[in-house]
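Step one of this worksheet: look at the structure below.
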Amino acid sequence: MSQKSVLVTGACGEIGQALVQGLSKGGYRIVTTDLMPLPEAIKPFSAEHVQGDLVYRVKQFYDYDFDIIFHLAASLSSKAEIATEEAHRINVDGTMQLLMLAAYKSERRGKAVKFLFPSSIAAYGFANVEEKRRTGRVKEDDYNTPHTMYGCNKLYCEKLGIYYSNFYAQRHLDPQPPVMCDFRAIRFPGLISAFTLPSGGTSDYGPEMLHAAAQGRPYACFVREDTKISFMAMPDAIKSILMLVDVPREKLTRAVYNIDAFSLTAGEFRQRALRAFPSAQITFEPNPRRQGIVDSWPEDIDDTAARRDWGWKPDYDIDRFFDEYFLPEIRKRYRTPNRMTKE
Ligand code: AKB
């Protein structure tokens with residue numbers, strides 16, 4: 001069987017770096033692209049790196065035959081509120097260009113190019129925090145009323161993906177419809193890696209607080225103590241992408257799936273950080289705009305469809321996340337002693 005060729009956009013980002021490492025174990029030929037040069041840690045796994053603005057680079061990829069496109073490049077939720085139109089250009093134009101490429105190649109090859117898209121809990125939007133608390137768990141099709149540019153972009157790109165893989169140019173009505181691309185999306189909660197830090201997102205307070213505590217740096221959390229959203233360990237995020245890409249299309253009842261791992265408040269993050277690093281200095285100084293964004297996101301996610309259709313199940317619940325992934329790795333990284341053993 002010939003080696004599968006994949007494109008990873010946004011390869012230098014948090015998910016990108018972890019995904020390239022995950023894919024490297026699967027025998028793929030990996031082409032990466034990003035605004036930045038590749039970090040040393042993933043350089044050995046990339047057959048070729050194309051550096052530059054994706055929107056202007058996509059033409060170049062028409063010379064390649066990708067089996068799968070992992071389109072991770074994005075401007076995240078907080079950054080996108082500072083440069084809104086630029087975020088739209090990156091998030092929507094970039095996705096649109098790649099979907100056009102996937103549609104064209106699928107028809108030419110007579111074989112669907114798979115298109116994996118990380119969407120987000122930012123696609124949801126509650127009117128206020130009371131509605132959020134009252135509602136609890138959300139299903140994919142509920143509360144699709146995002147408050148942020150990033151959330152609007154993600155939701156719209158989900159719709160574009162569905163359009164390009166089912167109804168492109170109404171060609172599905174042709175007597176002999178062409179092969180269309182195979183779009184699949186996962187709505188991720190806040191992600192936490194022990195190896196990298198996010199930038200530009202609003203769920204960033206979770207990982208920022210934990211990394212600061214492990215390094216002995218003070219941290220002023222930009223949301224209230226009672227703020228609650230869903231989070232996930234980065235290895236589970238990568239596992240979900242690799243699982244979804246492999247599921248036979250006929251098993252999928254939808255194109256966009258929620259996945260869930262655990263939910264906790266910013267105050268509970270602080271308690272966990274203090275248990276592991278008792279001298280951590282964590283205060284709360286809410287920023288009204290960033291607070292508003294997180295208050296519009298769900299505190300719990302219903303991932304029944306992913307569990308049913310492709311057997312999704314996270315490896316890390318909240319205790320395993322801290323005890324078996326984050327704390328052991330972060331201690332190695334920052335060389336902090338294990339204070340838990342004394343408790
Ligand atoms: C963000 O905060 O922008 C992202 C997300 C939840 O999609 N991490």
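Naming works like this for the structure tokens: A, B, ... for the chains as they're shown, residue 1 at the start of each chain, ligands 1 onward in shown order.
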
>> Residues near Met100 of chain A, anyone? I mean within 10 Å using only C-alpha atoms, not counting same-chain ones fewer than 5 positions away, as a PyMOL selection string.
In response: chain A and resi 58+95+105-106+161+164+168+181

Could you write out the selected residues, including all heavy atoms, as a PDB file, in the first residue's frame?
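Below is the file that was written, again14.pdb:
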```pdb
ATOM      1  N   VAL A  58      -2.051  28.588  -0.926  1.00  0.00           N
ATOM      2  CA  VAL A  58      -2.815  27.382  -1.259  1.00  0.00           C
ATOM      3  C   VAL A  58      -2.583  26.936  -2.698  1.00  0.00           C
ATOM      4  O   VAL A  58      -2.478  25.733  -2.971  1.00  0.00           O
ATOM      5  CB  VAL A  58      -4.322  27.581  -0.960  1.00  0.00           C
ATOM      6  CG1 VAL A  58      -5.136  26.417  -1.489  1.00  0.00           C
ATOM      7  CG2 VAL A  58      -4.548  27.721   0.530  1.00  0.00           C
ATOM      8  N   THR A  95      -9.794  28.539   5.223  1.00  0.00           N
ATOM      9  CA  THR A  95     -10.573  27.285   5.175  1.00  0.00           C
ATOM     10  C   THR A  95     -11.231  27.106   3.802  1.00  0.00           C
ATOM     11  O   THR A  95     -11.213  26.018   3.213  1.00  0.00           O
ATOM     12  CB  THR A  95     -11.662  27.298   6.277  1.00  0.00           C
ATOM     13  OG1 THR A  95     -11.028  27.588   7.524  1.00  0.00           O
ATOM     14  CG2 THR A  95     -12.375  25.970   6.360  1.00  0.00           C
ATOM     15  N   LYS A 105      -9.546  18.212  -5.942  1.00  0.00           N
ATOM     16  CA  LYS A 105      -8.722  16.990  -5.962  1.00  0.00           C
ATOM     17  C   LYS A 105      -9.579  15.731  -5.824  1.00  0.00           C
ATOM     18  O   LYS A 105      -9.285  14.703  -6.427  1.00  0.00           O
ATOM     19  CB  LYS A 105      -7.690  17.037  -4.831  1.00  0.00           C
ATOM     20  CG  LYS A 105      -6.581  18.026  -5.067  1.00  0.00           C
ATOM     21  CD  LYS A 105      -5.619  17.515  -6.131  1.00  0.00           C
ATOM     22  CE  LYS A 105      -4.492  18.482  -6.373  1.00  0.00           C
ATOM     23  NZ  LYS A 105      -3.505  17.982  -7.342  1.00  0.00           N
ATOM     24  N   SER A 106     -10.636  15.815  -5.028  1.00  0.00           N
ATOM     25  CA  SER A 106     -11.504  14.644  -4.843  1.00  0.00           C
ATOM     26  C   SER A 106     -12.117  14.250  -6.173  1.00  0.00           C
ATOM     27  O   SER A 106     -12.143  13.067  -6.553  1.00  0.00           O
ATOM     28  CB  SER A 106     -12.620  14.949  -3.838  1.00  0.00           C
ATOM     29  OG  SER A 106     -12.080  15.270  -2.593  1.00  0.00           O
ATOM     30  N   GLY A 161     -17.852  23.344   5.132  1.00  0.00           N
ATOM     31  CA  GLY A 161     -17.314  21.984   4.963  1.00  0.00           C
ATOM     32  C   GLY A 161     -18.415  21.024   4.559  1.00  0.00           C
ATOM     33  O   GLY A 161     -18.247  20.175   3.671  1.00  0.00           O
ATOM     34  N   TYR A 164     -19.331  21.772   0.891  1.00  0.00           N
ATOM     35  CA  TYR A 164     -18.373  21.259  -0.099  1.00  0.00           C
ATOM     36  C   TYR A 164     -18.362  19.734  -0.167  1.00  0.00           C
ATOM     37  O   TYR A 164     -18.016  19.163  -1.193  1.00  0.00           O
ATOM     38  CB  TYR A 164     -16.958  21.771   0.202  1.00  0.00           C
ATOM     39  CG  TYR A 164     -16.690  23.113  -0.446  1.00  0.00           C
ATOM     40  CD1 TYR A 164     -16.816  24.287   0.278  1.00  0.00           C
ATOM     41  CD2 TYR A 164     -16.339  23.204  -1.791  1.00  0.00           C
ATOM     42  CE1 TYR A 164     -16.591  25.517  -0.318  1.00  0.00           C
ATOM     43  CE2 TYR A 164     -16.120  24.432  -2.394  1.00  0.00           C
ATOM     44  CZ  TYR A 164     -16.246  25.583  -1.655  1.00  0.00           C
ATOM     45  OH  TYR A 164     -16.037  26.794  -2.251  1.00  0.00           O
ATOM     46  N   TYR A 168     -21.803  20.715  -3.212  1.00  0.00           N
ATOM     47  CA  TYR A 168     -20.972  21.660  -3.962  1.00  0.00           C
ATOM     48  C   TYR A 168     -21.527  21.886  -5.376  1.00  0.00           C
ATOM     49  O   TYR A 168     -21.660  20.943  -6.155  1.00  0.00           O
ATOM     50  CB  TYR A 168     -19.543  21.109  -4.022  1.00  0.00           C
ATOM     51  CG  TYR A 168     -18.554  21.987  -4.746  1.00  0.00           C
ATOM     52  CD1 TYR A 168     -18.636  23.376  -4.718  1.00  0.00           C
ATOM     53  CD2 TYR A 168     -17.507  21.402  -5.454  1.00  0.00           C
ATOM     54  CE1 TYR A 168     -17.713  24.160  -5.376  1.00  0.00           C
ATOM     55  CE2 TYR A 168     -16.578  22.185  -6.119  1.00  0.00           C
ATOM     56  CZ  TYR A 168     -16.695  23.560  -6.079  1.00  0.00           C
ATOM     57  OH  TYR A 168     -15.789  24.336  -6.727  1.00  0.00           O
ATOM     58  N   CYS A 181     -15.358  15.957  -1.415  1.00  0.00           N
ATOM     59  CA  CYS A 181     -14.434  15.766  -0.287  1.00  0.00           C
ATOM     60  C   CYS A 181     -15.202  15.245   0.933  1.00  0.00           C
ATOM     61  O   CYS A 181     -16.438  15.206   0.939  1.00  0.00           O
ATOM     62  CB  CYS A 181     -13.674  17.051   0.022  1.00  0.00           C
ATOM     63  SG  CYS A 181     -14.707  18.386   0.610  1.00  0.00           S
TER      64      CYS A 181
END
```

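With only C-alpha atoms taken into account, the protein and nucleic acid residues at most 10 Å from Val245 of chain A (excluding it and anything under 4 positions from it in its own chain) are Ile68, Phe70, Lys114, Phe115, Leu116, Asp182, Phe183, Arg184, Ala185, Ser240, Ile241 and Arg249 of chain A.
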
Please tabulate, as a Markdown table, the residues of chain A that come within 8 Å of ligand 1, each with its closest pair of atoms and the distance in Å to one decimal, counting only C-alpha atoms and all ligand atoms and ordering rows by chain, then residue number upward.
```
| residue | atom | partner | partner_atom_place_in_ligand_line | distance |
| --- | --- | --- | --- | --- |
| A:Ser75 | CA | ligand 1 | 3 (O) | 8.0 |
| A:Leu76 | CA | ligand 1 | 3 (O) | 4.2 |
| A:Ser77 | CA | ligand 1 | 3 (O) | 3.7 |
| A:Ser78 | CA | ligand 1 | 3 (O) | 6.2 |
| A:Ser119 | CA | ligand 1 | 7 (O) | 7.0 |
| A:Ser120 | CA | ligand 1 | 7 (O) | 4.4 |
| A:Ile121 | CA | ligand 1 | 6 (C) | 5.6 |
| A:Ala122 | CA | ligand 1 | 7 (O) | 5.6 |
| A:Tyr150 | CA | ligand 1 | 3 (O) | 7.2 |
| A:Gly151 | CA | ligand 1 | 7 (O) | 7.9 |
| A:Arg187 | CA | ligand 1 | 7 (O) | 8.0 |
| A:Phe188 | CA | ligand 1 | 7 (O) | 6.3 |
| A:Pro189 | CA | ligand 1 | 6 (C) | 5.1 |
| A:Gly190 | CA | ligand 1 | 6 (C) | 4.4 |
| A:Leu191 | CA | ligand 1 | 8 (N) | 6.2 |
| A:Pro198 | CA | ligand 1 | 8 (N) | 7.5 |
| A:Gly200 | CA | ligand 1 | 3 (O) | 6.6 |
| A:Gly201 | CA | ligand 1 | 2 (O) | 3.4 |
| A:Thr202 | CA | ligand 1 | 2 (O) | 3.6 |
| A:Ser203 | CA | ligand 1 | 2 (O) | 3.9 |
| A:Asp204 | CA | ligand 1 | 2 (O) | 5.9 |
```

Excluding Asp323 of chain A and residues on its chain fewer than 4 positions from it, collect all residues at most 12 Å away from it, counting only C-alpha atoms, and give them as a tab-separated table (two decimals) with N, CA and C atoms, in the first residue's frame.
```tsv
chain	number	residue	atom	x	y	z
A	233	ALA	N	-7.19	17.00	27.97
A	233	ALA	CA	-5.74	16.82	27.83
A	233	ALA	C	-5.39	16.75	26.35
A	272	ARG	N	-6.31	22.74	42.60
A	272	ARG	CA	-5.45	21.65	42.11
A	272	ARG	C	-4.01	22.11	41.99
A	273	ALA	N	-3.82	23.34	41.51
A	273	ALA	CA	-2.47	23.88	41.35
A	273	ALA	C	-1.80	24.02	42.72
A	275	ARG	N	-2.48	22.34	45.44
A	275	ARG	CA	-2.20	21.03	46.02
A	275	ARG	C	-0.84	20.50	45.53
A	276	ALA	N	-0.57	20.75	44.24
A	276	ALA	CA	0.69	20.26	43.66
A	276	ALA	C	1.85	21.21	43.93
A	316	TYR	N	-8.28	10.52	29.73
A	316	TYR	CA	-7.99	11.30	30.94
A	316	TYR	C	-9.23	11.98	31.50
A	317	ASP	N	-9.71	11.48	32.66
A	317	ASP	CA	-10.69	12.26	33.41
A	317	ASP	C	-9.87	13.26	34.25
A	318	ILE	N	-10.53	13.98	35.12
A	318	ILE	CA	-9.81	15.05	35.81
A	318	ILE	C	-8.65	14.54	36.67
A	319	ASP	N	-8.85	13.44	37.39
A	319	ASP	CA	-7.77	12.93	38.25
A	319	ASP	C	-6.62	12.38	37.43
A	327	LEU	N	0.93	16.63	35.76
A	327	LEU	CA	1.93	16.88	36.81
A	327	LEU	C	3.24	16.15	36.56
A	328	PRO	N	3.22	14.85	36.23
A	328	PRO	CA	4.51	14.20	35.96
A	328	PRO	C	5.29	14.87	34.83
A	329	GLU	N	4.59	15.25	33.76
A	329	GLU	CA	5.29	15.85	32.61
A	329	GLU	C	5.80	17.25	32.94
A	330	ILE	N	4.97	18.02	33.63
A	330	ILE	CA	5.34	19.41	33.91
A	330	ILE	C	6.50	19.46	34.91
A	331	ARG	N	6.54	18.49	35.82
A	331	ARG	CA	7.65	18.45	36.79
A	331	ARG	C	8.95	18.15	36.07
A	338	ASN	N	8.28	16.84	43.61
A	338	ASN	CA	6.92	16.32	43.76
A	338	ASN	C	6.45	16.52	45.19
A	340	MET	N	3.40	16.45	46.19
A	340	MET	CA	2.24	15.63	46.49
A	340	MET	C	2.62	14.46	47.40
A	341	THR	N	3.85	13.97	47.27
A	341	THR	CA	4.25	12.78	48.04
A	341	THR	C	4.23	13.05	49.54
```

>> With only C-alpha atoms as the counted atoms, please give the residues lying no more than 12 Å from Ala169 of chain A, apart from itself and same-chain residues fewer than 6 positions off, as number ranges by chain.
In response: A: 100, 103-104, 163, 177-178, 180

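Each of A:Phe269, A:Phe284, A:Phe195, A:Tyr219 was checked against Arg333 of chain A using only C-alpha atoms; the smallest atom-to-atom distance is that of A:Phe195.
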
>> Going by DSSP on the backbone, which residues of segment 151-207 of chain A come out as helix (DSSP H, G or I)? List them as a count of residues only.
In response: 25

Sel. of strand (DSSP E or B) residues, segment 8-91 of chain A, as a PDB file with all heavy atoms, in the first residue's frame:
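File written: selection-v6.pdb
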```
ATOM      1  N   VAL A   8      -0.676  19.335   7.055  1.00  0.00           N
ATOM      2  CA  VAL A   8      -1.052  19.885   8.364  1.00  0.00           C
ATOM      3  C   VAL A   8      -0.818  21.388   8.330  1.00  0.00           C
ATOM      4  O   VAL A   8       0.329  21.839   8.240  1.00  0.00           O
ATOM      5  CB  VAL A   8      -0.224  19.257   9.511  1.00  0.00           C
ATOM      6  CG1 VAL A   8      -0.646  19.861  10.861  1.00  0.00           C
ATOM      7  CG2 VAL A   8      -0.377  17.745   9.538  1.00  0.00           C
ATOM      8  N   THR A   9      -1.899  22.168   8.368  1.00  0.00           N
ATOM      9  CA  THR A   9      -1.743  23.623   8.418  1.00  0.00           C
ATOM     10  C   THR A   9      -1.713  24.049   9.894  1.00  0.00           C
ATOM     11  O   THR A   9      -2.249  23.350  10.750  1.00  0.00           O
ATOM     12  CB  THR A   9      -2.908  24.353   7.716  1.00  0.00           C
ATOM     13  OG1 THR A   9      -4.064  24.303   8.561  1.00  0.00           O
ATOM     14  CG2 THR A   9      -3.231  23.738   6.355  1.00  0.00           C
ATOM     15  N   ARG A  29       3.326  10.507   4.983  1.00  0.00           N
ATOM     16  CA  ARG A  29       4.229  11.552   4.474  1.00  0.00           C
ATOM     17  C   ARG A  29       3.583  12.880   4.872  1.00  0.00           C
ATOM     18  O   ARG A  29       2.481  13.204   4.424  1.00  0.00           O
ATOM     19  CB  ARG A  29       4.389  11.454   2.953  1.00  0.00           C
ATOM     20  CG  ARG A  29       5.349  12.494   2.443  1.00  0.00           C
ATOM     21  CD  ARG A  29       5.554  12.437   0.943  1.00  0.00           C
ATOM     22  NE  ARG A  29       6.693  13.293   0.586  1.00  0.00           N
ATOM     23  CZ  ARG A  29       6.592  14.605   0.385  1.00  0.00           C
ATOM     24  NH1 ARG A  29       5.433  15.207   0.467  1.00  0.00           N
ATOM     25  NH2 ARG A  29       7.688  15.320   0.109  1.00  0.00           N
ATOM     26  N   ILE A  30       4.264  13.620   5.743  1.00  0.00           N
ATOM     27  CA  ILE A  30       3.641  14.811   6.330  1.00  0.00           C
ATOM     28  C   ILE A  30       4.228  16.079   5.720  1.00  0.00           C
ATOM     29  O   ILE A  30       5.441  16.320   5.802  1.00  0.00           O
ATOM     30  CB  ILE A  30       3.873  14.843   7.861  1.00  0.00           C
ATOM     31  CG1 ILE A  30       3.414  13.539   8.505  1.00  0.00           C
ATOM     32  CG2 ILE A  30       3.154  16.037   8.484  1.00  0.00           C
ATOM     33  CD1 ILE A  30       3.817  13.388   9.979  1.00  0.00           C
ATOM     34  N   VAL A  31       3.362  16.880   5.097  1.00  0.00           N
ATOM     35  CA  VAL A  31       3.754  18.213   4.638  1.00  0.00           C
ATOM     36  C   VAL A  31       3.151  19.199   5.633  1.00  0.00           C
ATOM     37  O   VAL A  31       1.984  19.073   6.004  1.00  0.00           O
ATOM     38  CB  VAL A  31       3.242  18.487   3.204  1.00  0.00           C
ATOM     39  CG1 VAL A  31       3.574  19.913   2.769  1.00  0.00           C
ATOM     40  CG2 VAL A  31       3.824  17.474   2.230  1.00  0.00           C
ATOM     41  N   THR A  32       3.958  20.127   6.107  1.00  0.00           N
ATOM     42  CA  THR A  32       3.474  21.083   7.105  1.00  0.00           C
ATOM     43  C   THR A  32       3.475  22.490   6.519  1.00  0.00           C
ATOM     44  O   THR A  32       4.249  22.797   5.606  1.00  0.00           O
ATOM     45  CB  THR A  32       4.372  21.056   8.353  1.00  0.00           C
ATOM     46  OG1 THR A  32       5.734  21.223   7.953  1.00  0.00           O
ATOM     47  CG2 THR A  32       4.234  19.773   9.132  1.00  0.00           C
ATOM     48  N   THR A  33       2.621  23.337   7.069  1.00  0.00           N
ATOM     49  CA  THR A  33       2.660  24.741   6.679  1.00  0.00           C
ATOM     50  C   THR A  33       2.278  25.597   7.880  1.00  0.00           C
ATOM     51  O   THR A  33       1.492  25.182   8.739  1.00  0.00           O
ATOM     52  CB  THR A  33       1.749  25.027   5.449  1.00  0.00           C
ATOM     53  OG1 THR A  33       1.824  26.421   5.144  1.00  0.00           O
ATOM     54  CG2 THR A  33       0.306  24.664   5.694  1.00  0.00           C
ATOM     55  N   ASP A  34       2.890  26.765   7.953  1.00  0.00           N
ATOM     56  CA  ASP A  34       2.630  27.691   9.063  1.00  0.00           C
ATOM     57  C   ASP A  34       3.287  29.025   8.715  1.00  0.00           C
ATOM     58  O   ASP A  34       4.183  29.087   7.858  1.00  0.00           O
ATOM     59  CB  ASP A  34       3.257  27.147  10.362  1.00  0.00           C
ATOM     60  CG  ASP A  34       2.619  27.759  11.612  1.00  0.00           C
ATOM     61  OD1 ASP A  34       2.853  28.952  11.895  1.00  0.00           O
ATOM     62  OD2 ASP A  34       1.873  27.037  12.293  1.00  0.00           O
ATOM     63  N   GLU A  48       8.342  18.132   4.344  1.00  0.00           N
ATOM     64  CA  GLU A  48       8.506  19.426   3.691  1.00  0.00           C
ATOM     65  C   GLU A  48       7.720  20.466   4.480  1.00  0.00           C
ATOM     66  O   GLU A  48       6.582  20.196   4.889  1.00  0.00           O
ATOM     67  CB  GLU A  48       7.923  19.312   2.273  1.00  0.00           C
ATOM     68  CG  GLU A  48       8.252  20.471   1.396  1.00  0.00           C
ATOM     69  CD  GLU A  48       7.568  20.324   0.030  1.00  0.00           C
ATOM     70  OE1 GLU A  48       7.206  19.192  -0.358  1.00  0.00           O
ATOM     71  OE2 GLU A  48       7.381  21.364  -0.609  1.00  0.00           O
ATOM     72  N   HIS A  49       8.322  21.620   4.688  1.00  0.00           N
ATOM     73  CA  HIS A  49       7.597  22.677   5.408  1.00  0.00           C
ATOM     74  C   HIS A  49       7.452  23.896   4.501  1.00  0.00           C
ATOM     75  O   HIS A  49       8.440  24.392   3.957  1.00  0.00           O
ATOM     76  CB  HIS A  49       8.346  23.070   6.680  1.00  0.00           C
ATOM     77  CG  HIS A  49       7.630  24.108   7.489  1.00  0.00           C
ATOM     78  ND1 HIS A  49       6.372  23.911   8.015  1.00  0.00           N
ATOM     79  CD2 HIS A  49       7.982  25.379   7.858  1.00  0.00           C
ATOM     80  CE1 HIS A  49       5.990  24.995   8.670  1.00  0.00           C
ATOM     81  NE2 HIS A  49       6.950  25.909   8.589  1.00  0.00           N
ATOM     82  N   VAL A  50       6.224  24.372   4.353  1.00  0.00           N
ATOM     83  CA  VAL A  50       5.970  25.549   3.536  1.00  0.00           C
ATOM     84  C   VAL A  50       5.660  26.705   4.491  1.00  0.00           C
ATOM     85  O   VAL A  50       4.636  26.691   5.173  1.00  0.00           O
ATOM     86  CB  VAL A  50       4.782  25.302   2.570  1.00  0.00           C
ATOM     87  CG1 VAL A  50       4.473  26.554   1.762  1.00  0.00           C
ATOM     88  CG2 VAL A  50       5.079  24.118   1.666  1.00  0.00           C
ATOM     89  N   GLN A  51       6.554  27.663   4.551  1.00  0.00           N
ATOM     90  CA  GLN A  51       6.357  28.767   5.494  1.00  0.00           C
ATOM     91  C   GLN A  51       5.703  29.957   4.795  1.00  0.00           C
ATOM     92  O   GLN A  51       6.133  30.362   3.710  1.00  0.00           O
ATOM     93  CB  GLN A  51       7.706  29.184   6.082  1.00  0.00           C
ATOM     94  CG  GLN A  51       7.527  30.098   7.283  1.00  0.00           C
ATOM     95  CD  GLN A  51       8.844  30.576   7.862  1.00  0.00           C
ATOM     96  OE1 GLN A  51       9.873  29.930   7.687  1.00  0.00           O
ATOM     97  NE2 GLN A  51       8.800  31.706   8.544  1.00  0.00           N
ATOM     98  N   ILE A  68      -5.255  13.418   3.067  1.00  0.00           N
ATOM     99  CA  ILE A  68      -5.946  14.045   4.206  1.00  0.00           C
ATOM    100  C   ILE A  68      -5.393  15.455   4.409  1.00  0.00           C
ATOM    101  O   ILE A  68      -4.172  15.662   4.336  1.00  0.00           O
ATOM    102  CB  ILE A  68      -5.715  13.252   5.523  1.00  0.00           C
ATOM    103  CG1 ILE A  68      -5.913  11.751   5.345  1.00  0.00           C
ATOM    104  CG2 ILE A  68      -6.626  13.775   6.630  1.00  0.00           C
ATOM    105  CD1 ILE A  68      -5.493  10.902   6.550  1.00  0.00           C
ATOM    106  N   ILE A  69      -6.293  16.379   4.679  1.00  0.00           N
ATOM    107  CA  ILE A  69      -5.886  17.735   5.056  1.00  0.00           C
ATOM    108  C   ILE A  69      -6.339  17.968   6.493  1.00  0.00           C
ATOM    109  O   ILE A  69      -7.531  17.826   6.803  1.00  0.00           O
ATOM    110  CB  ILE A  69      -6.520  18.792   4.122  1.00  0.00           C
ATOM    111  CG1 ILE A  69      -5.996  18.599   2.695  1.00  0.00           C
ATOM    112  CG2 ILE A  69      -6.232  20.214   4.618  1.00  0.00           C
ATOM    113  CD1 ILE A  69      -6.690  19.463   1.644  1.00  0.00           C
ATOM    114  N   PHE A  70      -5.397  18.264   7.374  1.00  0.00           N
ATOM    115  CA  PHE A  70      -5.714  18.650   8.754  1.00  0.00           C
ATOM    116  C   PHE A  70      -5.554  20.161   8.804  1.00  0.00           C
ATOM    117  O   PHE A  70      -4.421  20.664   8.793  1.00  0.00           O
ATOM    118  CB  PHE A  70      -4.745  17.994   9.744  1.00  0.00           C
ATOM    119  CG  PHE A  70      -4.795  16.491   9.755  1.00  0.00           C
ATOM    120  CD1 PHE A  70      -3.933  15.744   8.962  1.00  0.00           C
ATOM    121  CD2 PHE A  70      -5.699  15.815  10.572  1.00  0.00           C
ATOM    122  CE1 PHE A  70      -3.960  14.359   8.987  1.00  0.00           C
ATOM    123  CE2 PHE A  70      -5.739  14.432  10.590  1.00  0.00           C
ATOM    124  CZ  PHE A  70      -4.870  13.692   9.790  1.00  0.00           C
ATOM    125  N   HIS A  71      -6.664  20.863   8.839  1.00  0.00           N
ATOM    126  CA  HIS A  71      -6.571  22.326   8.733  1.00  0.00           C
ATOM    127  C   HIS A  71      -6.689  22.972  10.121  1.00  0.00           C
ATOM    128  O   HIS A  71      -7.781  23.249  10.613  1.00  0.00           O
ATOM    129  CB  HIS A  71      -7.669  22.845   7.803  1.00  0.00           C
ATOM    130  CG  HIS A  71      -7.686  24.323   7.720  1.00  0.00           C
ATOM    131  ND1 HIS A  71      -6.537  25.082   7.695  1.00  0.00           N
ATOM    132  CD2 HIS A  71      -8.723  25.209   7.677  1.00  0.00           C
ATOM    133  CE1 HIS A  71      -6.861  26.361   7.636  1.00  0.00           C
ATOM    134  NE2 HIS A  71      -8.174  26.462   7.632  1.00  0.00           N
TER     135      HIS A  71
END
```

Compile a residue-level contact table for segment 109-202 of chain A against segment 290-312 of chain A at a cut-off of 6 Å, reporting for every qualifying residue the shortest atom pair and its distance in Å to one decimal, with only C-alpha atoms counted, rows ordered by chain and ascending number, as CSV.
```
residue,atom,partner,partner_atom,distance
A:Tyr124,CA,A:Trp297,CA,5.9
A:Gly125,CA,A:Ser296,CA,4.7
A:Phe126,CA,A:Ser296,CA,4.5
A:Val129,CA,A:Asp295,CA,5.2
A:Gly136,CA,A:Asp300,CA,5.6
A:Arg137,CA,A:Asp300,CA,4.4
A:Val138,CA,A:Ile301,CA,5.1
A:Lys139,CA,A:Asp302,CA,5.1
```

> Counting only C-alpha atoms, which of A:Lys239, A:Phe231, A:Glu285, A:Ala212 gets nearest to Gly22 of chain A?
Replying inline: A:Lys239

Could the residues of segment 57-92 of chain A that have an atom at most 12 Å from segment 108-112 of chain A be listed as a tab-separated table, each with its closest atom pair and the distance in Å to one decimal, counting only C-alpha atoms and ordered by chain and ascending residue number?
```
residue	atom	partner	partner_atom	distance
A:Tyr62	CA	A:Arg108	CA	11.2
A:Tyr64	CA	A:Arg109	CA	11.7
A:Asp65	CA	A:Arg109	CA	8.7
A:Phe66	CA	A:Ala112	CA	10.1
A:Asp67	CA	A:Ala112	CA	7.8
A:Ile68	CA	A:Ala112	CA	9.0
A:Ile69	CA	A:Ala112	CA	11.1
```
